[in-house]
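A.B. asks: Take a look at entry_30.cif, mmCIF, C-alpha atoms and all ligand atoms:
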```cif
data_protein
#
loop_
_atom_site.label_atom_id
_atom_site.label_comp_id
_atom_site.auth_asym_id
_atom_site.auth_seq_id
_atom_site.Cartn_x
_atom_site.Cartn_y
_atom_site.Cartn_z
CA MET A 1 82.06 102.99 99.93
CA THR A 2 84.28 102.33 102.93
CA CYS A 3 83.31 102.84 106.52
CA ASP A 4 85.81 103.61 109.26
CA LEU A 5 86.23 101.08 112.04
CA LEU A 6 88.56 101.02 115.04
CA LEU A 7 89.62 97.46 115.83
CA HIS A 8 90.58 96.78 119.43
CA VAL A 9 93.75 94.68 119.17
CA CYS A 10 94.78 92.57 122.17
CA CYS A 11 97.86 91.15 120.40
CA ALA A 12 99.17 90.70 116.87
CA PRO A 13 98.49 86.94 116.53
CA ASP A 14 94.83 87.40 117.47
CA ALA A 15 94.44 90.22 114.94
CA THR A 16 95.73 88.23 111.95
CA VAL A 17 92.20 87.03 111.13
CA PRO A 18 89.90 89.93 112.16
CA TRP A 19 91.87 92.75 110.54
CA PRO A 20 91.92 91.35 106.97
CA ALA A 21 88.36 89.97 107.34
CA LEU A 22 86.92 93.36 108.30
CA SER A 23 88.87 95.00 105.46
CA GLU A 24 87.34 92.48 103.05
CA GLU A 25 83.90 93.38 104.42
CA GLY A 26 84.55 96.95 103.28
CA TYR A 27 85.61 98.62 106.49
CA SER A 28 88.54 101.00 106.50
CA VAL A 29 90.26 99.49 109.54
CA SER A 30 92.62 101.11 112.02
CA GLY A 31 93.96 99.18 114.99
CA TYR A 32 93.94 100.23 118.65
CA PHE A 33 96.35 98.30 120.85
CA TYR A 34 95.35 98.44 124.51
CA SER A 35 98.16 97.11 126.70
CA SER A 36 97.83 98.44 130.25
CA ASN A 37 96.66 94.98 131.40
CA ILE A 38 99.93 93.40 130.29
CA HIS A 39 102.60 92.46 132.80
CA PRO A 40 105.54 92.89 132.87
CA ARG A 41 106.70 95.78 130.68
CA SER A 42 109.07 93.46 128.78
CA GLU A 43 106.02 91.43 127.73
CA PHE A 44 104.28 94.61 126.55
CA GLU A 45 107.38 95.42 124.47
CA LYS A 46 107.34 92.02 122.78
CA ARG A 47 103.66 92.35 121.92
CA VAL A 48 103.80 95.94 120.69
CA ARG A 49 106.66 95.11 118.33
CA ASP A 50 104.52 92.57 116.48
CA VAL A 51 101.40 94.76 116.56
CA ARG A 52 103.43 97.38 114.67
CA GLY A 53 104.61 94.66 112.31
CA LEU A 54 101.06 93.53 111.59
CA ALA A 55 99.89 97.10 110.93
CA GLY A 56 102.72 97.37 108.40
CA VAL A 57 101.63 94.14 106.68
CA MET A 58 98.01 95.35 106.62
CA GLY A 59 99.01 98.75 105.26
CA GLY A 60 97.03 100.39 108.03
CA LYS A 61 97.53 102.42 111.13
CA CYS A 62 97.62 101.07 114.66
CA ILE A 63 97.23 103.48 117.54
CA ILE A 64 99.29 102.36 120.53
CA ALA A 65 97.48 103.30 123.73
CA PRO A 66 99.73 104.57 126.53
CA TYR A 67 101.06 101.81 128.80
CA GLU A 68 99.41 102.69 132.15
CA PRO A 69 99.21 99.57 134.33
CA MET A 70 98.12 101.54 137.41
CA ASN A 71 95.03 102.77 135.58
CA TRP A 72 94.18 99.20 134.60
CA LEU A 73 94.71 98.07 138.19
CA ARG A 74 92.30 100.73 139.46
CA ALA A 75 89.68 99.50 136.98
CA VAL A 76 89.84 95.84 138.05
CA ARG A 77 90.99 95.95 141.66
CA ALA A 78 87.56 95.26 143.18
CA ASP A 79 87.74 91.76 141.67
CA ILE A 80 91.48 91.31 141.33
CA LEU A 81 91.63 88.00 143.19
CA GLY A 82 88.89 86.19 141.30
CA PRO A 83 89.52 83.34 138.87
CA GLU A 84 90.30 83.88 135.21
CA GLY A 85 87.08 84.16 133.23
CA GLY A 86 85.27 85.77 136.18
CA ALA A 87 84.47 89.30 137.29
CA ARG A 88 88.06 90.57 136.94
CA CYS A 89 88.05 89.63 133.27
CA THR A 90 84.67 91.29 132.72
CA ARG A 91 86.05 94.49 134.24
CA CYS A 92 89.20 94.15 132.14
CA ILE A 93 87.25 93.64 128.92
CA ARG A 94 85.11 96.65 129.78
CA GLU A 95 88.20 98.77 130.37
CA GLN A 96 89.74 97.71 127.06
CA LEU A 97 86.57 98.33 125.06
CA LEU A 98 85.86 101.61 126.84
CA ALA A 99 89.32 102.86 125.89
CA THR A 100 88.77 101.76 122.29
CA ALA A 101 85.35 103.40 122.13
CA GLY A 102 86.67 106.63 123.67
CA GLU A 103 89.42 106.75 121.06
CA ALA A 104 86.89 106.11 118.28
CA VAL A 105 84.69 108.97 119.48
CA ALA A 106 87.69 111.31 119.77
CA ARG A 107 88.70 110.51 116.19
CA GLY A 108 85.21 110.60 114.69
CA ILE A 109 85.26 106.86 113.88
CA GLY A 110 81.75 105.39 113.92
CA SER A 111 82.34 101.67 114.53
CA ILE A 112 84.43 99.45 116.76
CA SER A 113 85.18 95.75 116.95
CA THR A 114 87.58 93.55 118.91
CA THR A 115 90.03 90.70 118.37
CA LEU A 116 89.20 89.22 121.80
CA THR A 117 86.61 86.79 120.41
CA ILE A 118 89.25 84.73 118.63
CA SER A 119 90.46 83.27 121.90
CA PRO A 120 89.00 79.89 122.88
CA HIS A 121 89.46 80.98 126.52
CA LYS A 122 87.13 83.99 126.47
CA ASP A 123 83.38 84.11 127.05
CA ILE A 124 82.25 85.74 123.83
CA SER A 125 78.76 86.44 125.16
CA VAL A 126 80.31 88.66 127.85
CA ILE A 127 82.41 90.46 125.24
CA ASP A 128 79.31 91.02 123.09
CA ARG A 129 77.23 92.29 126.01
CA VAL A 130 79.90 94.71 127.21
CA GLY A 131 80.64 95.98 123.69
CA ARG A 132 76.94 96.48 123.00
CA GLU A 133 76.44 98.46 126.24
CA ILE A 134 79.42 100.73 125.64
CA CYS A 135 78.58 101.41 122.01
CA GLY A 136 74.92 102.00 122.87
CA ASP A 137 75.94 104.63 125.43
CA LEU A 138 78.34 106.38 123.04
CA GLY A 139 76.33 106.15 119.82
CA LEU A 140 78.81 103.84 118.08
CA GLN A 141 78.17 100.81 115.90
CA TRP A 142 79.28 97.60 117.64
CA VAL A 143 80.61 95.19 115.02
CA PHE A 144 80.51 91.84 116.78
CA ARG A 145 82.10 88.81 115.14
CA ALA A 146 82.79 85.45 116.82
CA TRP A 147 86.23 85.19 115.22
CA ARG A 148 87.15 81.83 116.74
CA LYS A 149 84.31 80.07 114.94
CA LYS A 150 84.74 78.28 111.58
CA GLY A 151 88.38 77.51 112.28
CA GLY A 152 89.27 81.14 113.00
CA PHE A 153 91.50 80.38 115.96
CA ARG A 154 93.43 77.69 114.07
CA LEU A 155 93.87 80.09 111.14
CA SER A 156 95.24 82.77 113.46
CA VAL A 157 97.83 80.28 114.77
CA GLU A 158 98.86 79.37 111.21
CA ARG A 159 99.12 82.98 110.09
CA SER A 160 101.00 84.21 113.14
CA THR A 161 103.45 81.30 112.84
CA ARG A 162 104.00 82.13 109.18
CA MET A 163 104.55 85.81 110.06
CA ASP A 164 106.94 84.76 112.83
CA PHE A 165 104.97 86.63 115.51
CA TYR A 166 105.60 86.04 119.19
CA ARG A 167 102.78 83.93 120.70
CA GLN A 168 102.35 84.46 124.41
CA ASN A 169 101.36 81.57 126.67
CA TYR A 170 99.22 83.61 129.08
CA CYS A 171 96.45 86.15 128.66
CA GLY A 172 98.35 89.22 129.83
CA CYS A 173 97.91 90.37 133.40
CA VAL A 174 100.03 89.34 136.36
CA MET A 175 97.22 87.14 137.66
CA SER A 176 97.06 85.18 134.42
CA ILE A 177 100.73 84.21 134.42
CA ARG A 178 99.89 81.31 136.71
CA ASN A 179 97.48 79.95 134.07
CA GLU A 180 100.03 79.47 131.31
CA ARG A 181 98.60 78.01 128.12
CA SER A 182 98.52 78.62 124.39
CA GLU A 183 96.59 81.86 123.70
S1 LIG B 201 93.18 87.18 132.50
FE1 LIG B 201 93.22 88.45 130.64
S2 LIG B 201 91.09 89.26 130.42
FE2 LIG B 201 91.34 88.48 132.51
S3 LIG B 201 91.95 90.27 133.73
FE3 LIG B 201 93.84 89.25 133.10
S4 LIG B 201 94.44 90.26 131.18
FE4 LIG B 201 92.29 90.77 131.55
#
```
Show this structure as structure tokens.
Ligand code: SF4
C.D. replies:
Amino acid sequence: MTCDLLLHVCCAPDATVPWPALSEEGYSVSGYFYSSNIHPRSEFEKRVRDVRGLAGVMGGKCIIAPYEPMNWLRAVRADILGPEGGARCTRCIREQLLATAGEAVARGIGSISTTLTISPHKDISVIDRVGREICGDLGLQWVFRAWRKKGGFRLSVERSTRMDFYRQNYCGCVMSIRNERSE
């Protein structure tokens, strides 16, 4: 028996491990690409191209959330100037997971998960706490997996290289451009 799950996708490379793994667990996975945190628009366009490509490879559907940077800015502006990994990122993660959860509820999908935990730069305990709170409030199942563990991040790099996906060198928002690195 399959169970529907909406997978929050932050970018195609990071989804190359979670999407097939959740499918193997028995979930019927659809993707949800949240992108309003991404700056500039040309960067969003590069990322959305490969998200569509990955959905094609997975034989699944990926919902592309509307690109609304002003809405994202409103959600994080109270902490906009803080360092990466701080309160701005917690607000951003909340906004992304809230959007995913809202979409799941609207579509009658009972579970959500996220690709964010594959990044070695993210605090996965914050992601888990925020996801748990949101799903608890909305009556959804929170499917938490620490994707970066057991070589998950390295595998995502190998797979995305093999699939010829664009790999960004910053997290996404305008503030993170100054912290260029390998995501
Ligand atoms: S650095 Fe990444 S997680 Fe943090 S606010 Fe920017 S886009 Fe969001």
A.B. asks: Choose the residue, out of A:Val29, A:Ile93, A:Val143, A:Leu7, that has the smallest atom-to-atom separation from ligand LIG 201 (chain B); count all atoms listed in the file.
C.D. replies: A:Ile93
A.B. asks: Residues at most 8 Å from ligand LIG 201 (chain B), using only C-alpha atoms and all ligand atoms? Could they come as a PyMOL selection string?
C.D. replies: chain A and resi 37-38+76+80+84-86+88-93+122+170-176
A.B. asks: Quick check, in Å to one decimal: how far apart do atom CA of A:Glu24 and atom CA of A:His121 lie?
C.D. replies: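 A separation of 26.2 Å between them.
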A.B. asks: Using Å and a single decimal, report how far atom CA of A:Ile127 sits from atom CA of A:Gly151.
C.D. replies: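 Separating atom CA of A:Gly151 from atom CA of A:Ile127 is a distance of 19.3 Å.
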A.B. asks: Record the distance separating atom CA of A:Met163 and atom CA of A:Ala12, expressed in Å with one decimal.
C.D. replies: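 Rounded to one decimal, the two atoms are 10.0 Å apart.
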A.B. asks: With a distance cut-off of 12 Å and all atoms listed in the file, select the neighbouring residues of A:Ala65, excluding the residue or stretch itself and same-chain residues fewer than 6 positions from it, and output the selection as a count of residues only.
C.D. replies: 18
A.B. asks: Wanna dump the stretch 6-116 of chain A-stretch 137-141 of chain A contacts at 12 Å for me, each residue with its shortest atom pair and the distance in Å to one decimal, counting only C-alpha atoms, ordered by chain and number, as a Markdown table?
C.D. replies:
```
| residue | atom | partner | partner_atom | distance |
| --- | --- | --- | --- | --- |
| A:Leu6 | CA | A:Gln141 | CA | 10.4 |
| A:Leu7 | CA | A:Gln141 | CA | 11.9 |
| A:Leu97 | CA | A:Leu138 | CA | 11.7 |
| A:Leu98 | CA | A:Leu138 | CA | 9.7 |
| A:Ala99 | CA | A:Leu138 | CA | 11.9 |
| A:Thr100 | CA | A:Leu140 | CA | 11.0 |
| A:Ala101 | CA | A:Leu138 | CA | 7.7 |
| A:Gly102 | CA | A:Leu138 | CA | 8.4 |
| A:Glu103 | CA | A:Leu138 | CA | 11.3 |
| A:Ala104 | CA | A:Leu140 | CA | 8.4 |
| A:Val105 | CA | A:Leu138 | CA | 7.7 |
| A:Ala106 | CA | A:Leu138 | CA | 11.1 |
| A:Gly108 | CA | A:Leu140 | CA | 9.9 |
| A:Ile109 | CA | A:Leu140 | CA | 8.3 |
| A:Gly110 | CA | A:Leu140 | CA | 5.3 |
| A:Ser111 | CA | A:Gln141 | CA | 4.5 |
| A:Ile112 | CA | A:Gln141 | CA | 6.5 |
| A:Ser113 | CA | A:Gln141 | CA | 8.7 |
```
A.B. asks: With distances taken over only C-alpha atoms, which residue among A:Pro83, A:Pro20, A:Gly53, A:Pro69 lies nearest A:Arg178?
C.D. replies: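 Using only C-alpha atoms, the shortest distance to A:Arg178 belongs to A:Pro83.
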A.B. asks: Just checking: using only C-alpha atoms, which residue out of A:Asp50, A:Arg77, A:Arg41, A:Arg94 ends up closest to A:Glu133?
C.D. replies: A:Arg94
A.B. asks: Near A:Arg49, within 10 Å and counting only C-alpha atoms, which residues show up once chain neighbours fewer than 3 positions away are dropped, as a PyMOL selection string?
C.D. replies: chain A and resi 11-12+44-46+52-54+165-166
A.B. asks: List every protein, DNA or RNA residue with an atom no more than 10 Å from (100.7, 82.2, 115.1) in the file's coordinates, counting all atoms listed in the file, and format the result as a VMD selection string.
C.D. replies: chain A and resid 12 to 14 16 153 to 168 183
A.B. asks: Build an axis-aligned box that encloses every atom of stretch 129-139 of chain A listed in the file, pad it by 4 Å on each side, and report its centre and edge lengths in Å to one decimal, as JSON.
C.D. replies:
```
{"center_x": 77.8, "center_y": 99.3, "center_z": 123.5, "size_x": 13.7, "size_y": 22.1, "size_z": 15.4}
```
